[in-house]
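Engineer: The structure file upload-v3.txt (compact mmCIF, C-alpha atoms) is provided below.
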# COMPACT_ATOMS: atom_id res chain seq x y z
CA MET C 17 18.22 -24.08 -38.05
CA ASN C 18 21.39 -25.60 -36.71
CA GLU C 19 22.19 -26.40 -33.10
CA GLN C 20 24.22 -23.22 -32.59
CA THR C 21 21.29 -20.92 -33.49
CA THR C 22 18.46 -22.82 -31.81
CA PRO C 23 16.92 -20.58 -29.09
CA HIS C 24 17.15 -21.99 -25.59
CA SER C 25 13.85 -22.88 -23.93
CA SER C 26 15.26 -22.77 -20.40
CA ARG C 27 13.86 -20.19 -17.94
CA SER C 28 17.44 -19.04 -17.43
CA THR C 29 17.21 -17.16 -20.72
CA LEU C 30 14.45 -14.91 -19.38
CA LEU C 31 15.25 -11.46 -18.09
CA ALA C 32 15.10 -11.43 -14.30
CA VAL C 33 12.06 -9.10 -14.34
CA GLU C 34 10.25 -11.52 -16.67
CA ASP C 35 10.88 -14.62 -14.55
CA THR C 36 8.09 -14.77 -11.97
CA GLU C 37 9.26 -18.16 -10.74
CA PHE C 38 12.59 -16.56 -9.85
CA LEU C 39 10.99 -13.45 -8.30
CA LEU C 40 8.75 -15.59 -6.08
CA ARG C 41 11.60 -17.60 -4.55
CA ASP C 42 12.00 -17.28 -0.77
CA GLU C 43 15.44 -15.78 -1.26
CA MET C 44 13.90 -12.87 -3.21
CA ARG C 45 11.56 -11.78 -0.40
CA SER C 46 13.60 -8.67 0.38
CA ILE C 47 13.39 -7.60 -3.26
CA ARG C 48 9.63 -8.13 -3.34
CA PHE C 49 9.36 -6.12 -0.14
CA ALA C 50 11.30 -3.26 -1.70
CA LEU C 51 9.16 -3.40 -4.85
CA GLU C 52 5.96 -3.11 -2.77
CA TYR C 53 7.37 -0.02 -1.13
CA ALA C 54 8.57 1.59 -4.36
CA LYS C 55 5.44 1.02 -6.45
CA ALA C 56 3.11 2.85 -4.07
CA GLU C 57 5.74 5.45 -3.14
CA LEU C 58 6.40 6.51 -6.72
CA ALA C 59 2.71 6.61 -7.64
CA LEU C 60 1.93 8.82 -4.65
CA ARG C 61 4.81 11.13 -5.53
CA ASP C 62 3.57 11.33 -9.12
CA TRP C 63 0.22 12.49 -7.76
CA GLY C 64 1.93 14.99 -5.47
CA ILE C 65 0.54 13.43 -2.30
CA ARG C 66 2.69 14.56 0.59
CA SER C 67 0.47 13.77 3.57
CA THR C 68 -2.72 11.91 4.41
CA ILE C 69 -5.53 11.59 6.91
CA ILE C 70 -5.92 7.89 7.65
CA VAL C 71 -9.35 6.40 8.33
CA PHE C 72 -9.47 3.01 10.04
CA GLY C 73 -12.60 1.00 10.81
CA SER C 74 -14.51 -2.22 10.33
CA ALA C 75 -14.90 -3.79 6.90
CA ARG C 76 -18.21 -5.19 8.18
CA ALA C 77 -20.03 -1.90 8.80
CA PRO C 78 -22.81 -1.78 6.20
CA SER C 79 -23.91 1.20 4.17
CA PRO C 80 -27.37 2.58 5.00
CA GLU C 81 -28.59 1.03 1.76
CA GLN C 82 -27.33 -2.41 2.77
CA ALA C 83 -28.76 -2.06 6.27
CA ALA C 84 -32.17 -1.00 4.94
CA ALA C 85 -32.20 -3.99 2.59
CA ALA C 86 -31.42 -6.32 5.51
CA VAL C 87 -34.26 -4.84 7.55
CA GLU C 88 -36.64 -5.25 4.62
CA ALA C 89 -35.61 -8.87 4.09
CA ALA C 90 -35.72 -9.91 7.76
CA ARG C 91 -38.46 -12.39 8.61
CA THR C 92 -37.51 -14.30 11.76
CA GLU C 93 -36.74 -12.74 15.14
CA THR C 94 -33.08 -13.72 14.74
CA GLU C 95 -32.94 -12.04 11.34
CA LYS C 96 -34.65 -8.94 12.71
CA ARG C 97 -32.17 -8.64 15.59
CA ALA C 98 -29.26 -9.02 13.17
CA ALA C 99 -30.77 -6.42 10.86
CA ALA C 100 -31.27 -4.01 13.75
CA LYS C 101 -27.57 -4.39 14.61
CA LEU C 102 -26.63 -3.66 11.00
CA LEU C 103 -28.83 -0.58 11.04
CA GLN C 104 -27.03 0.64 14.15
CA GLN C 105 -23.61 0.00 12.61
CA SER C 106 -24.61 1.84 9.44
CA GLU C 107 -24.67 5.06 11.47
CA PHE C 108 -20.87 4.87 11.69
CA TYR C 109 -20.74 4.39 7.92
CA GLN C 110 -22.67 7.64 7.53
CA VAL C 111 -20.34 9.50 9.89
CA ALA C 112 -17.25 8.13 8.12
CA ARG C 113 -18.66 9.19 4.75
CA GLU C 114 -19.33 12.68 6.04
CA PHE C 115 -15.88 12.81 7.60
CA GLY C 116 -14.29 11.82 4.27
CA ARG C 117 -16.13 14.68 2.59
CA ILE C 118 -15.18 17.26 5.23
CA ALA C 119 -11.53 16.19 5.36
CA SER C 120 -11.27 16.35 1.58
CA GLN C 121 -12.87 19.77 1.31
CA ARG C 122 -10.99 21.40 4.16
CA GLY C 123 -7.71 19.52 4.38
CA GLY C 124 -5.91 20.34 1.16
CA ALA C 125 -6.67 17.51 -1.27
CA PHE C 126 -8.00 20.14 -3.73
CA ASP C 127 -5.28 22.68 -3.12
CA PRO C 128 -1.81 21.57 -4.21
CA LYS C 129 1.01 23.78 -2.91
CA ASN C 130 3.89 23.75 -5.38
CA ARG C 131 2.35 20.53 -6.77
CA TRP C 132 1.95 18.86 -3.33
CA ARG C 133 -1.39 17.78 -1.89
CA ASP C 134 -1.84 17.44 1.87
CA ASN C 135 -4.29 15.56 4.09
CA VAL C 136 -5.63 13.30 1.34
CA VAL C 137 -8.02 10.69 2.74
CA ALA C 138 -6.46 7.21 2.81
CA THR C 139 -7.98 3.92 3.94
CA GLY C 140 -7.28 0.20 3.89
CA GLY C 141 -9.16 0.08 0.60
CA GLY C 142 -11.86 -2.40 1.52
CA PRO C 143 -15.59 -2.25 2.26
CA GLY C 144 -17.39 -0.89 5.32
CA ILE C 145 -15.89 2.13 7.04
CA MET C 146 -13.05 2.19 4.50
CA GLU C 147 -15.53 2.41 1.65
CA ALA C 148 -17.45 5.12 3.47
CA ALA C 149 -14.43 7.42 3.84
CA ASN C 150 -13.38 6.93 0.21
CA ARG C 151 -16.99 7.51 -0.80
CA GLY C 152 -17.10 10.82 1.07
CA ALA C 153 -14.04 12.00 -0.84
CA SER C 154 -15.58 10.81 -4.09
CA ASP C 155 -18.80 12.68 -3.31
CA VAL C 156 -16.95 15.99 -3.66
CA GLY C 157 -14.65 14.91 -6.47
CA ALA C 158 -11.50 14.65 -4.34
CA PRO C 159 -8.76 12.06 -4.78
CA SER C 160 -8.48 9.36 -2.13
CA ILE C 161 -6.22 6.40 -1.54
CA GLY C 162 -6.85 2.73 -0.86
CA PHE C 163 -4.11 0.50 0.54
CA ASN C 164 -5.62 -2.92 -0.01
CA ILE C 165 -4.25 -6.31 1.09
CA THR C 166 -4.34 -9.75 -0.52
CA LEU C 167 -6.22 -12.13 1.79
CA PRO C 168 -7.31 -15.79 1.55
CA HIS C 169 -10.86 -14.48 1.26
CA GLU C 170 -10.15 -11.76 -1.27
CA GLN C 171 -10.86 -8.20 -0.14
CA ILE C 172 -11.96 -6.35 -3.25
CA PRO C 173 -11.02 -2.66 -3.47
CA ASN C 174 -14.07 -0.48 -3.02
CA ARG C 175 -15.26 1.44 -6.07
CA TYR C 176 -14.81 4.90 -4.56
CA ILE C 177 -11.00 4.90 -4.45
CA THR C 178 -9.28 7.01 -7.10
CA PRO C 179 -8.30 4.24 -9.57
CA GLU C 180 -4.67 5.37 -9.91
CA LEU C 181 -4.36 5.41 -6.11
CA SER C 182 -5.74 1.92 -5.49
CA PHE C 183 -2.84 -0.23 -4.30
CA ARG C 184 -2.64 -3.92 -3.38
CA PHE C 185 -0.10 -5.38 -0.98
CA HIS C 186 1.02 -8.87 -0.08
CA TYR C 187 2.88 -7.86 3.08
CA PHE C 188 0.90 -6.44 5.99
CA ALA C 189 4.06 -4.74 7.26
CA MET C 190 4.54 -2.74 4.06
CA ARG C 191 0.87 -1.82 3.92
CA LYS C 192 1.04 -0.57 7.51
CA MET C 193 4.17 1.39 6.72
CA HIS C 194 2.48 3.21 3.86
CA LEU C 195 -0.58 3.88 6.00
CA ALA C 196 1.52 5.41 8.77
CA MET C 197 4.40 7.17 7.07
CA ARG C 198 2.44 10.13 5.61
CA ALA C 199 -0.27 10.36 8.25
CA ASN C 200 -0.94 13.89 9.49
CA ALA C 201 -3.91 12.60 11.50
CA LEU C 202 -5.91 9.47 12.19
CA ALA C 203 -9.65 8.90 12.42
CA ILE C 204 -10.49 5.52 13.94
CA PHE C 205 -13.99 4.06 13.82
CA PRO C 206 -15.32 0.94 15.57
CA GLY C 207 -13.80 -2.26 14.27
CA GLY C 208 -12.39 -5.65 15.16
CA PHE C 209 -8.95 -7.25 15.25
CA GLY C 210 -7.64 -5.44 12.17
CA THR C 211 -8.76 -2.02 13.33
CA MET C 212 -7.36 -2.55 16.82
CA ASP C 213 -4.09 -3.86 15.39
CA GLU C 214 -3.70 -0.69 13.32
CA MET C 215 -4.86 1.56 16.14
CA PHE C 216 -2.45 0.16 18.73
CA GLU C 217 0.43 0.22 16.27
CA VAL C 218 -0.12 3.94 15.70
CA LEU C 219 -0.63 4.62 19.42
CA THR C 220 2.61 2.78 20.15
CA LEU C 221 4.48 4.87 17.57
CA GLN C 222 3.08 8.01 19.19
CA GLN C 223 3.72 6.82 22.75
CA THR C 224 7.34 5.93 21.99
CA GLN C 225 7.84 9.03 19.82
CA LYS C 226 8.99 6.89 16.92
CA ALA C 227 6.68 8.90 14.68
CA PRO C 228 6.02 12.65 14.47
CA PRO C 229 3.09 13.84 16.63
CA ALA C 230 -0.26 13.36 14.90
CA PRO C 231 -3.74 13.98 16.32
CA ILE C 232 -5.93 10.91 16.74
CA VAL C 233 -9.70 10.79 17.14
CA LEU C 234 -11.74 7.71 18.06
CA PHE C 235 -15.34 7.79 16.85
CA GLY C 236 -17.93 6.18 19.10
CA GLU C 237 -16.79 6.60 22.71
CA ARG C 238 -19.37 4.15 24.03
CA TYR C 239 -18.04 1.41 21.75
CA TRP C 240 -14.37 1.98 22.56
CA ARG C 241 -14.87 2.20 26.32
CA LYS C 242 -16.91 -0.99 26.21
CA ILE C 243 -14.25 -2.85 24.21
CA ILE C 244 -11.08 -1.44 25.84
CA ASN C 245 -10.70 -0.41 29.47
CA PHE C 246 -8.16 2.36 29.05
CA ASP C 247 -8.49 3.38 32.72
CA ALA C 248 -7.58 -0.15 33.83
CA LEU C 249 -4.39 0.00 31.79
CA VAL C 250 -3.43 3.15 33.71
CA GLU C 251 -4.47 1.66 37.07
CA GLU C 252 -2.37 -1.44 36.43
CA GLY C 253 0.63 0.68 35.52
CA MET C 254 0.80 -0.71 31.99
CA ILE C 255 0.56 2.73 30.42
CA SER C 256 1.20 6.16 31.91
CA ALA C 257 -1.58 8.45 33.06
CA ALA C 258 -0.78 10.76 30.14
CA ASP C 259 -1.10 8.10 27.44
CA PRO C 260 -4.92 8.27 27.04
CA GLY C 261 -4.30 11.89 26.12
CA LEU C 262 -2.87 10.68 22.83
CA PHE C 263 -6.43 10.60 21.49
CA GLU C 264 -9.87 12.15 21.89
CA PHE C 265 -13.35 10.79 21.32
CA ALA C 266 -15.95 12.17 18.91
CA GLU C 267 -19.42 11.21 17.74
CA THR C 268 -20.02 13.37 14.68
CA ALA C 269 -17.89 14.10 11.64
CA GLU C 270 -17.79 17.80 12.50
CA ASP C 271 -16.69 17.09 16.07
CA GLY C 272 -14.03 14.71 14.81
CA TRP C 273 -12.65 17.27 12.38
CA ALA C 274 -12.69 19.97 15.07
CA SER C 275 -10.76 17.65 17.41
CA LEU C 276 -8.04 17.02 14.82
CA VAL C 277 -7.66 20.72 14.03
CA ARG C 278 -7.63 21.68 17.73
CA ARG C 279 -4.92 19.10 18.38
CA GLY C 280 -2.64 20.32 15.65
CA LEU C 281 -3.84 19.21 12.21
CA ARG C 282 -2.96 21.89 9.74
CA ALA C 283 -5.78 22.44 7.27
CA HIS C 284 -4.23 23.49 3.96
CA GLY C 285 -7.15 24.57 1.84
CA THR C 286 -10.72 24.20 0.65
CA SER C 287 -12.31 22.84 -2.47
CA PRO C 288 -13.54 25.11 -5.26
CA ALA C 289 -17.05 24.37 -3.98
CA GLY C 290 -16.11 25.45 -0.47
How does this structure look as structure tokens?
Structural biologist:
Amino acid sequence: MNEQTTPHSSRSTLLAVEDTEFLLRDEMRSIRFALEYAKAELALRDWGIRSTIIVFGSARAPSPEQAAAAVEAARTETEKRAAAKLLQQSEFYQVAREFGRIASQRGGAFDPKNRWRDNVVATGGGPGIMEAANRGASDVGAPSIGFNITLPHEQIPNRYITPELSFRFHYFAMRKMHLAMRANALAIFPGGFGTMDEMFEVLTLQQTQKAPPAPIVLFGERYWRKIINFDALVEEGMISAADPGLFEFAETAEDGWASLVRRGLRAHGTSPAG
């Protein structure tokens, strides 16, 4: 083969979509950002998902099975106290699982209208409360979404997400955008920094009217009032007296669903099983 016909080995001969080194350059960040938006957006459209019910909550809340195993394995007093805490936290897992089932059966995930599904359960895709809500949807055979994130300590998508609706993001901002942009309602369970970050972002969007009105329910009033002094924010003039009215508290899945419906969530249908 002569010099004129010898294939070039340079990366410049690759198609742009084949050249990961090129795509990962700093200058291509805006393109990567757009691709993260488009991939999830098109997949959700293909599934006919028009709106969601978002469930936020701790990745650390154990399932009842995990909590029971911790109790069984506990030997020292320190281990027993830790296991007792896990058992307490597992109650929120159970409520979130039940809520995922109720929302899927009554919200419209089973009942496409002109191909569109409404109020499909969506979570951050990880373990704990996120797993519980996806699991509740899976219990009744409903589709559910997981918007996962790449972290230094990898967060593995939970096994109850509908496989075709399990997404992974690099950018927190794009993940948050997808969580918020279709949300007809939000159910927020006890959690840490991540949960509070997501909760306050949504509350800010509602407070500033940068997003359409959406009912919000916080599960576990005792927890939230212990962690956040909402009354003090009003007393200090940092929020208006009306702002705590952006959400209600609930303890059970049924009460949480009733709160969302009472505050404007439109329930679109029921499952074939009722």
Engineer: For a cut-off of 8 Å around (-9.6, 0.1, 3.0), file coordinates, pick out all residues using all atoms listed in the file and list them as a list in words.
Structural biologist: Phe72, Ala75, Ala138, Thr139, Gly140, Gly141, Gly142, Pro143, Ile145, Met146, Glu147, Gly162, Phe163, Asn164, Pro173 and Asn174 of chain C
Engineer: Between atom CA of Val136 of chain C and atom CA of Lys55 of chain C, what is the spacing in Å?
Structural biologist: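 Straight-line distance from atom CA of Lys55 of chain C to atom CA of Val136 of chain C works out to 18.3 Å.
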Engineer: Hey, what's within 7 Å of Ile177 of chain C if we count all atoms listed in the file and toss same-chain stuff fewer than 5 positions away? As a PyMOL selection string, please?
Structural biologist: chain C and resi 150+160-162+182
Engineer: Work out how far apart atom CA of Thr68 of chain C and atom CA of Ile47 of chain C are and give it in Å to one decimal.
Structural biologist: 26.4 Å
Engineer: Can you tell me, as an NGL selection string, what residues are no more than 12 Å from segment 253-258 of chain C when counting all atoms listed in the file, ignoring any on the same chain fewer than 3 positions away?
Structural biologist: :C and (219-220 or 222-224 or 245-250 or 261-263)
Engineer: Tell me which protein, DNA and RNA residues are within 9 Å of segment 279-282 of chain C, counting only C-alpha atoms, leaving out same-chain ones fewer than 6 positions away, and put them as a compact mmCIF listing (two decimals) with C-alpha atoms, in the frame of the given file.
Structural biologist:
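Saved the output as part.txt:
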# COMPACT_ATOMS: atom_id res chain seq x y z
CA GLY C 123 -7.71 19.52 4.38
CA ASN C 135 -4.29 15.56 4.09
CA ASN C 200 -0.94 13.89 9.49
CA ALA C 201 -3.91 12.60 11.50
CA PRO C 229 3.09 13.84 16.63
CA ALA C 230 -0.26 13.36 14.90
CA PRO C 231 -3.74 13.98 16.32
CA ILE C 232 -5.93 10.91 16.74
Engineer: Which one is closest to Ala84 of chain C: C:Ser67, C:Ala269, C:Asp213, C:Glu107? Count all atoms listed in the file.
Structural biologist: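 For Ala84 of chain C, the nearest of the given residues is C:Glu107.
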Engineer: For Glu180 of chain C, which of C:Arg61, C:Arg27, C:Lys242, C:Arg76 is the closest residue, counting only C-alpha atoms?
Structural biologist: C:Arg61
Engineer: Please measure the separation of atom CA of Trp132 of chain C and atom CA of Thr178 of chain C, giving the value in Å to one decimal.
Structural biologist: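 Between these atoms lies a distance of 16.8 Å.
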Engineer: Pick out the residues sitting within 9 Å of Glu52 of chain C, and hand them over as a list of chain:residue names; count all atoms listed in the file, and ignore anything fewer than 2 positions along from it in its own chain.
Structural biologist: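 Here the answer would be C:Ile47, C:Arg48, C:Phe49, C:Ala50, C:Ala54, C:Lys55, C:Ala56, C:Glu57, C:Arg184, C:Phe185, C:His186, C:Tyr187, C:Met190, C:Arg191.
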Engineer: Measuring atom to atom with only C-alpha atoms, identify which of C:Ser275, C:Ser74, C:Ser25, C:Thr92 is nearest to Ala149 of chain C.
Structural biologist: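 Looking at the shortest contact to Ala149 of chain C, the residue is C:Ser74.
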Engineer: Which is closest to Thr211 of chain C among C:Trp240, C:Lys226, C:Ala99, C:Ser106, if we use only C-alpha atoms?
Structural biologist: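 Selected residue with least distance to Thr211 of chain C: C:Trp240.
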Engineer: Closest to Arg278 of chain C among C:Met212, C:Ile118, C:Val137, C:Val233, using only C-alpha atoms?
Structural biologist: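 Selected residue with least distance to Arg278 of chain C: C:Val233.
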Engineer: Using only C-alpha atoms, pick whichever of C:Val71, C:Trp63, C:Glu43, C:Ala98 has the shortest atom-to-atom distance to Met215 of chain C.
Structural biologist: C:Val71
Engineer: In the coordinate frame of the file, compute which residues have an atom within 9 Å of (-14.2, 14.9, -4.7) when using only C-alpha atoms, and state them as a PDB file with C-alpha atoms, in the coordinates of the input.
Structural biologist:
ATOM      1  CA  ARG C 117     -16.130  14.680   2.590  1.00  0.00           C
ATOM      2  CA  SER C 120     -11.270  16.350   1.580  1.00  0.00           C
ATOM      3  CA  GLN C 121     -12.870  19.770   1.310  1.00  0.00           C
ATOM      4  CA  ALA C 125      -6.670  17.510  -1.270  1.00  0.00           C
ATOM      5  CA  PHE C 126      -8.000  20.140  -3.730  1.00  0.00           C
ATOM      6  CA  ARG C 151     -16.990   7.510  -0.800  1.00  0.00           C
ATOM      7  CA  GLY C 152     -17.100  10.820   1.070  1.00  0.00           C
ATOM      8  CA  ALA C 153     -14.040  12.000  -0.840  1.00  0.00           C
ATOM      9  CA  SER C 154     -15.580  10.810  -4.090  1.00  0.00           C
ATOM     10  CA  ASP C 155     -18.800  12.680  -3.310  1.00  0.00           C
ATOM     11  CA  VAL C 156     -16.950  15.990  -3.660  1.00  0.00           C
ATOM     12  CA  GLY C 157     -14.650  14.910  -6.470  1.00  0.00           C
ATOM     13  CA  ALA C 158     -11.500  14.650  -4.340  1.00  0.00           C
ATOM     14  CA  PRO C 159      -8.760  12.060  -4.780  1.00  0.00           C
ATOM     15  CA  SER C 160      -8.480   9.360  -2.130  1.00  0.00           C
ATOM     16  CA  SER C 287     -12.310  22.840  -2.470  1.00  0.00           C
TER      17      SER C 287
END
